[in-house]
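*Asks:* I am attaching a structure below and will ask some questions about it afterwards.
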Amino acid sequence: MKRNILFSEEGRRQQGKEIVIFEKPQKLKMVLGKLSWKILSMLAEAEMYPMEIAKKLGVHEQKVYYHIRKLAKAGVITITREERKKGATAKYYRALASAFGIELPFGYTNVKTHAFTYMARPLQQFFSPFIGNDGNFYGKIVIGSPDPHGSFKARARDGHYASYLTLFLGQFVQMPEDFIIKLDVDTKAEKEENNNLILVGGPGTNLLTQEVNDYLPIRFRMMPSEQGFLFGGLVSQKTQNVYTGDAVGIVARIVNPWNREKRIIVLAGNKAVGTKACVLALARFSEQALKGFREENDFATVIQGFDLDGDGKVDSIEVKE
C-alpha cells in the first residue's frame, strides 16, 4: 500500500503523521463496516487479541475473527506478536497506520509555510523589510571578525550570539539558499549596498557598526586619541544620558545610509554581555523591548541585561529608554 505524510497545522506548531492510501476501492469498503471500524479504532489505540476485543465489545468471538480477517486482508492491521494463553496461541493485532485515505492522481502543489505570520506583532513590524511574503529571509547578518582588526585591534567575542538569533528567526522563515552570516571584514568594502543588514556587535568589534554609528539615535561614544579611538559607552541623542555598563546595549533599526530602500538592524553592547542582552531582548522580550517602535521612524532603545537566577549569565532585560 502507498504511504504518504499527512500534515496538520495548529498555531505555530506543524505536525505530521503517516497516512496509508487505499489503491483499490474495495479495500476501503472492507474497513467501513460499523463493527470493522470499531475494531480498527481499538487497534489504533493499543495492540489486542480477538478474545480481548470480543469481551470489550460484548460480541461473539467468531464475529470478531471474521472482521479481523477482513481488516488483515485489506492491509490495515498487522500481527505484532503471538502469546500462549490457556494452551492456545493468541495473536495480537495493531493498526498499520494512524490514518487511511484515498487519493486522486492530481492536485500536488509546492508547499511553503508562512510561519512569519505567527511571529509576535511587534517583531513582524520590526523584521518586515527582511522577510518577504514568500517567507524567505532577505538580508545579511554581519558579525565581527574573531581576528584582531579595526581601530581597536579587537577580536570579536560576541559573534556567536548571532547563532541564537538565527535559530530564533529560523522558526519563522524559509531556509536561505546562501549563507547569510558574514564577517565585517568581508563586507566593509562593498557595504552590502543591495541588502538589508543585521549587525551583531558593537563598534569595537564590528566595523560596520562603527560605520553606521553616526546615524544611530543612540550612539557609541568614539573619542579620538593618539592611539586611535577610545571607547566611552553609549550616549542618547535625545536625553544625553550616558550608559557605560558592560551589560548595556542598543536595539536599533535605521534606514541603510548606503541604500535608503533598505534597513539596518543593530544589536550591539558596550561589551559582549551587552550584545547578548540585546539578542535576548528580541528573542524573548520583544513586546517589552519594541514598545516604542514605529514602522516609519528610525528606532533605538537602550537595553540593560540582568542575571536574575544568579548563575553568572544574563537571562533578563530592562529597557532603560
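Residue numbers start at 1 in each chain; chains themselves are named A, B, ... in the order of the C-alpha cells; ligands are numbered from 1 in the order shown.
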Which residues are near Phe7 (chain A)? Cut-off 7 Å, only C-alpha atoms, ignore same chain within fewer than 3 positions. Put them as a list in words.

*Replies:* Gln15, Gly16 and Lys17 of chain A

*Asks:* Can you pull out every residue within 8 Å of region 210-218 of chain A, counting only C-alpha atoms, but drop anything in the same chain fewer than 4 positions away, and send it as a compact mmCIF listing (two decimals) with C-alpha atoms, in the first residue's frame?

*Replies:*
```txt
# COMPACT_ATOMS: atom_id res chain seq x y z
CA GLY A 202 29.46 46.99 18.97
CA PRO A 203 31.80 49.35 17.07
CA GLY A 204 34.83 47.99 18.90
CA ASN A 206 32.14 45.13 14.25
CA LEU A 234 26.57 54.81 24.84
CA VAL A 235 25.10 58.31 24.70
CA SER A 236 21.49 59.16 23.85
CA GLN A 237 20.98 61.99 21.34
CA LYS A 238 17.57 62.64 22.88
CA ILE A 250 21.16 49.04 21.97
CA ALA A 252 18.11 49.81 16.78
CA ILE A 254 17.56 52.64 10.85
CA PRO A 257 22.67 55.03 4.63
CA ASP A 298 14.37 55.27 12.90
CA PHE A 299 14.34 53.48 16.23
CA ALA A 300 16.75 52.78 19.07
CA THR A 301 16.32 51.65 22.65
CA VAL A 302 18.78 51.04 25.48
```

*Asks:* Find the residue from A:Leu282, A:Val20, A:Ala44, A:Ile198 that sits nearest to Ala74 (chain A); use only C-alpha atoms when measuring.

*Replies:*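 Of A:Leu282, A:Val20, A:Ala44, A:Ile198, the one nearest Ala74 (chain A) is A:Val20, counting only C-alpha atoms.
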
*Asks:* Show which residues sit within 9 Å of Pro146 (chain A), as JSON, numbers by chain. Count only C-alpha atoms, and ignore same-chain residues fewer than 6 positions away.

*Replies:* {"A": [154, 155, 156, 157, 159, 183, 205]}

*Asks:* Could the residues in this selection be saved with N, CA and C atoms as a CSV table (one decimal), in the first residue's frame?

*Replies:*
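As a result, part_29.csv now contains:
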```csv
chain,number,residue,atom,x,y,z
A,154,ALA,N,40.7,44.7,17.9
A,154,ALA,CA,39.9,43.8,18.8
A,154,ALA,C,39.6,42.5,18.1
A,155,ARG,N,39.4,41.5,18.9
A,155,ARG,CA,38.9,40.2,18.5
A,155,ARG,C,37.4,40.2,18.9
A,156,ALA,N,36.5,39.9,18.0
A,156,ALA,CA,35.1,39.8,18.4
A,156,ALA,C,34.8,38.6,19.3
A,157,ARG,N,34.1,38.9,20.4
A,157,ARG,CA,33.8,37.8,21.3
A,157,ARG,C,32.2,37.7,21.4
A,159,GLY,N,30.2,37.3,18.4
A,159,GLY,CA,29.6,36.9,17.1
A,159,GLY,C,28.8,35.6,17.3
A,183,LEU,N,31.4,38.0,7.9
A,183,LEU,CA,32.3,38.7,8.8
A,183,LEU,C,32.3,40.2,8.3
A,205,THR,N,34.2,45.9,17.9
A,205,THR,CA,34.4,44.6,17.3
A,205,THR,C,33.8,44.4,15.9
```

*Asks:* So that I can check the secondary structure, give me every residue of region 59-216 of chain A assigned strand (DSSP E or B) by backbone DSSP, as a VMD selection string.

*Replies:* chain A and resid 77 to 85 88 to 95 100 to 101 131 137 140 to 143 149 154 181 to 183 197 to 200

*Asks:* Within 6 Å of Asp246 (chain A), counting only C-alpha atoms, which residues show up once you throw out same-chain ones fewer than 2 positions away? Write them as a ChimeraX atom specification, please.

*Replies:* /A:248,270-271,274

*Asks:* With N, CA and C atoms retained, write the just-selected residues as a short mmCIF file (atom, residue, chain, number, x, y, z; two decimals), in the first residue's frame.

*Replies:*
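Result file follows (again.cif):
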```cif
data_model
loop_
_atom_site.label_atom_id
_atom_site.label_comp_id
_atom_site.auth_asym_id
_atom_site.auth_seq_id
_atom_site.Cartn_x
_atom_site.Cartn_y
_atom_site.Cartn_z
N VAL A 248 25.05 46.64 29.06
CA VAL A 248 24.15 47.58 28.40
C VAL A 248 24.42 47.56 26.89
N ASN A 270 28.01 47.47 24.96
CA ASN A 270 29.30 48.01 25.35
C ASN A 270 30.35 46.90 25.43
N LYS A 271 29.93 45.75 25.90
CA LYS A 271 30.78 44.55 25.92
C LYS A 271 29.95 43.39 25.35
N GLY A 274 26.59 42.74 26.81
CA GLY A 274 25.56 43.69 26.39
C GLY A 274 24.93 43.30 25.07
#
```

*Asks:* Give me, as a ChimeraX atom specification, all polymer residues having an atom no more than 8 Å from Tyr161 (chain A), counting only C-alpha atoms and skipping those fewer than 3 positions away in the same chain.

*Replies:* /A:158,164-165,200,275-276,279

*Asks:* Considering only C-alpha atoms, state which residue in the set A:Phe220, A:Phe106, A:Phe100, A:Phe126 is at the smallest distance from Val31 (chain A).

*Replies:*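 Closest candidate: A:Phe100.
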
*Asks:* I need the residues in region 261-319 of chain A that are helix (DSSP H, G or I) according to DSSP; give them as an MDAnalysis selection string.

*Replies:* chainID A and resid 272:283 286:289

*Asks:* Restricted to N, CA and C atoms, what would the selected residues look like written as a PDB file, in the first residue's frame?

*Replies:*
```
ATOM      1  N   ALA A 272      30.563  42.234  25.227  1.00  0.00           N
ATOM      2  CA  ALA A 272      29.876  41.073  24.645  1.00  0.00           C
ATOM      3  C   ALA A 272      28.591  40.744  25.394  1.00  0.00           C
ATOM      4  N   VAL A 273      28.601  40.875  26.716  1.00  0.00           N
ATOM      5  CA  VAL A 273      27.416  40.549  27.508  1.00  0.00           C
ATOM      6  C   VAL A 273      26.263  41.506  27.189  1.00  0.00           C
ATOM      7  N   GLY A 274      26.589  42.740  26.808  1.00  0.00           N
ATOM      8  CA  GLY A 274      25.559  43.695  26.391  1.00  0.00           C
ATOM      9  C   GLY A 274      24.928  43.301  25.069  1.00  0.00           C
ATOM     10  N   THR A 275      25.758  42.794  24.152  1.00  0.00           N
ATOM     11  CA  THR A 275      25.221  42.289  22.884  1.00  0.00           C
ATOM     12  C   THR A 275      24.282  41.117  23.133  1.00  0.00           C
ATOM     13  N   LYS A 276      24.670  40.228  24.054  1.00  0.00           N
ATOM     14  CA  LYS A 276      23.809  39.087  24.396  1.00  0.00           C
ATOM     15  C   LYS A 276      22.465  39.577  24.917  1.00  0.00           C
ATOM     16  N   ALA A 277      22.473  40.609  25.759  1.00  0.00           N
ATOM     17  CA  ALA A 277      21.225  41.154  26.296  1.00  0.00           C
ATOM     18  C   ALA A 277      20.327  41.660  25.176  1.00  0.00           C
ATOM     19  N   CYS A 278      20.925  42.259  24.133  1.00  0.00           N
ATOM     20  CA  CYS A 278      20.142  42.795  23.018  1.00  0.00           C
ATOM     21  C   CYS A 278      19.512  41.676  22.187  1.00  0.00           C
ATOM     22  N   VAL A 279      20.258  40.590  21.970  1.00  0.00           N
ATOM     23  CA  VAL A 279      19.711  39.444  21.242  1.00  0.00           C
ATOM     24  C   VAL A 279      18.560  38.828  22.032  1.00  0.00           C
ATOM     25  N   LEU A 280      18.745  38.674  23.346  1.00  0.00           N
ATOM     26  CA  LEU A 280      17.678  38.141  24.199  1.00  0.00           C
ATOM     27  C   LEU A 280      16.454  39.054  24.191  1.00  0.00           C
ATOM     28  N   ALA A 281      16.694  40.360  24.108  1.00  0.00           N
ATOM     29  CA  ALA A 281      15.590  41.323  24.108  1.00  0.00           C
ATOM     30  C   ALA A 281      14.633  41.052  22.950  1.00  0.00           C
ATOM     31  N   LEU A 282      15.172  40.715  21.770  1.00  0.00           N
ATOM     32  CA  LEU A 282      14.319  40.419  20.619  1.00  0.00           C
ATOM     33  C   LEU A 282      13.735  39.012  20.689  1.00  0.00           C
ATOM     34  N   ALA A 283      14.560  38.043  21.097  1.00  0.00           N
ATOM     35  CA  ALA A 283      14.128  36.649  21.057  1.00  0.00           C
ATOM     36  C   ALA A 283      13.147  36.302  22.173  1.00  0.00           C
ATOM     37  N   SER A 286      10.449  40.689  23.261  1.00  0.00           N
ATOM     38  CA  SER A 286      10.223  41.645  22.174  1.00  0.00           C
ATOM     39  C   SER A 286       9.133  42.660  22.489  1.00  0.00           C
ATOM     40  N   GLU A 287       8.073  42.227  23.159  1.00  0.00           N
ATOM     41  CA  GLU A 287       6.976  43.151  23.456  1.00  0.00           C
ATOM     42  C   GLU A 287       7.458  44.304  24.330  1.00  0.00           C
ATOM     43  N   GLN A 288       8.335  43.982  25.263  1.00  0.00           N
ATOM     44  CA  GLN A 288       8.913  44.988  26.159  1.00  0.00           C
ATOM     45  C   GLN A 288       9.951  45.837  25.420  1.00  0.00           C
ATOM     46  N   ALA A 289      10.829  45.187  24.658  1.00  0.00           N
ATOM     47  CA  ALA A 289      11.933  45.892  24.013  1.00  0.00           C
ATOM     48  C   ALA A 289      11.469  46.792  22.870  1.00  0.00           C
TER      49      ALA A 289
END
```

*Asks:* I want to know what sits within 9 Å of Asp184 (chain A), based on only C-alpha atoms, with residues of the same chain fewer than 2 positions away left out; could you give that as a list in words?

*Replies:*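 What passes the distance filter is Val142, Ile143, Gly144, Ser145, Lys182, Asp186, Thr187, Lys188, Leu199, Thr205, Asn206, Leu207, Leu208 and Thr209 of chain A.
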
*Asks:* Next, write the just-selected residues to a file, as a tab-separated table (two decimals), in the first residue's frame, keeping C-alpha atoms as the atom set.

*Replies:*
```tsv
chain	number	residue	atom	x	y	z
A	142	VAL	CA	27.17	40.66	9.90
A	143	ILE	CA	29.36	39.74	12.86
A	144	GLY	CA	32.80	40.94	13.94
A	145	SER	CA	35.90	39.02	12.90
A	182	LYS	CA	29.26	37.25	7.02
A	186	ASP	CA	34.36	40.68	4.23
A	187	THR	CA	31.54	43.21	3.84
A	188	LYS	CA	33.17	46.53	4.76
A	199	LEU	CA	24.75	43.98	12.65
A	205	THR	CA	34.42	44.58	17.26
A	206	ASN	CA	32.14	45.13	14.25
A	207	LEU	CA	33.44	47.57	11.64
A	208	LEU	CA	30.03	48.08	10.03
A	209	THR	CA	28.51	49.05	13.38
```

*Asks:* Would you please work out which residue, of A:Pro176, A:Pro105, A:Pro148, A:Pro129, is nearest to Ile265 (chain A) when using only C-alpha atoms?

*Replies:*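 Closest candidate: A:Pro129.
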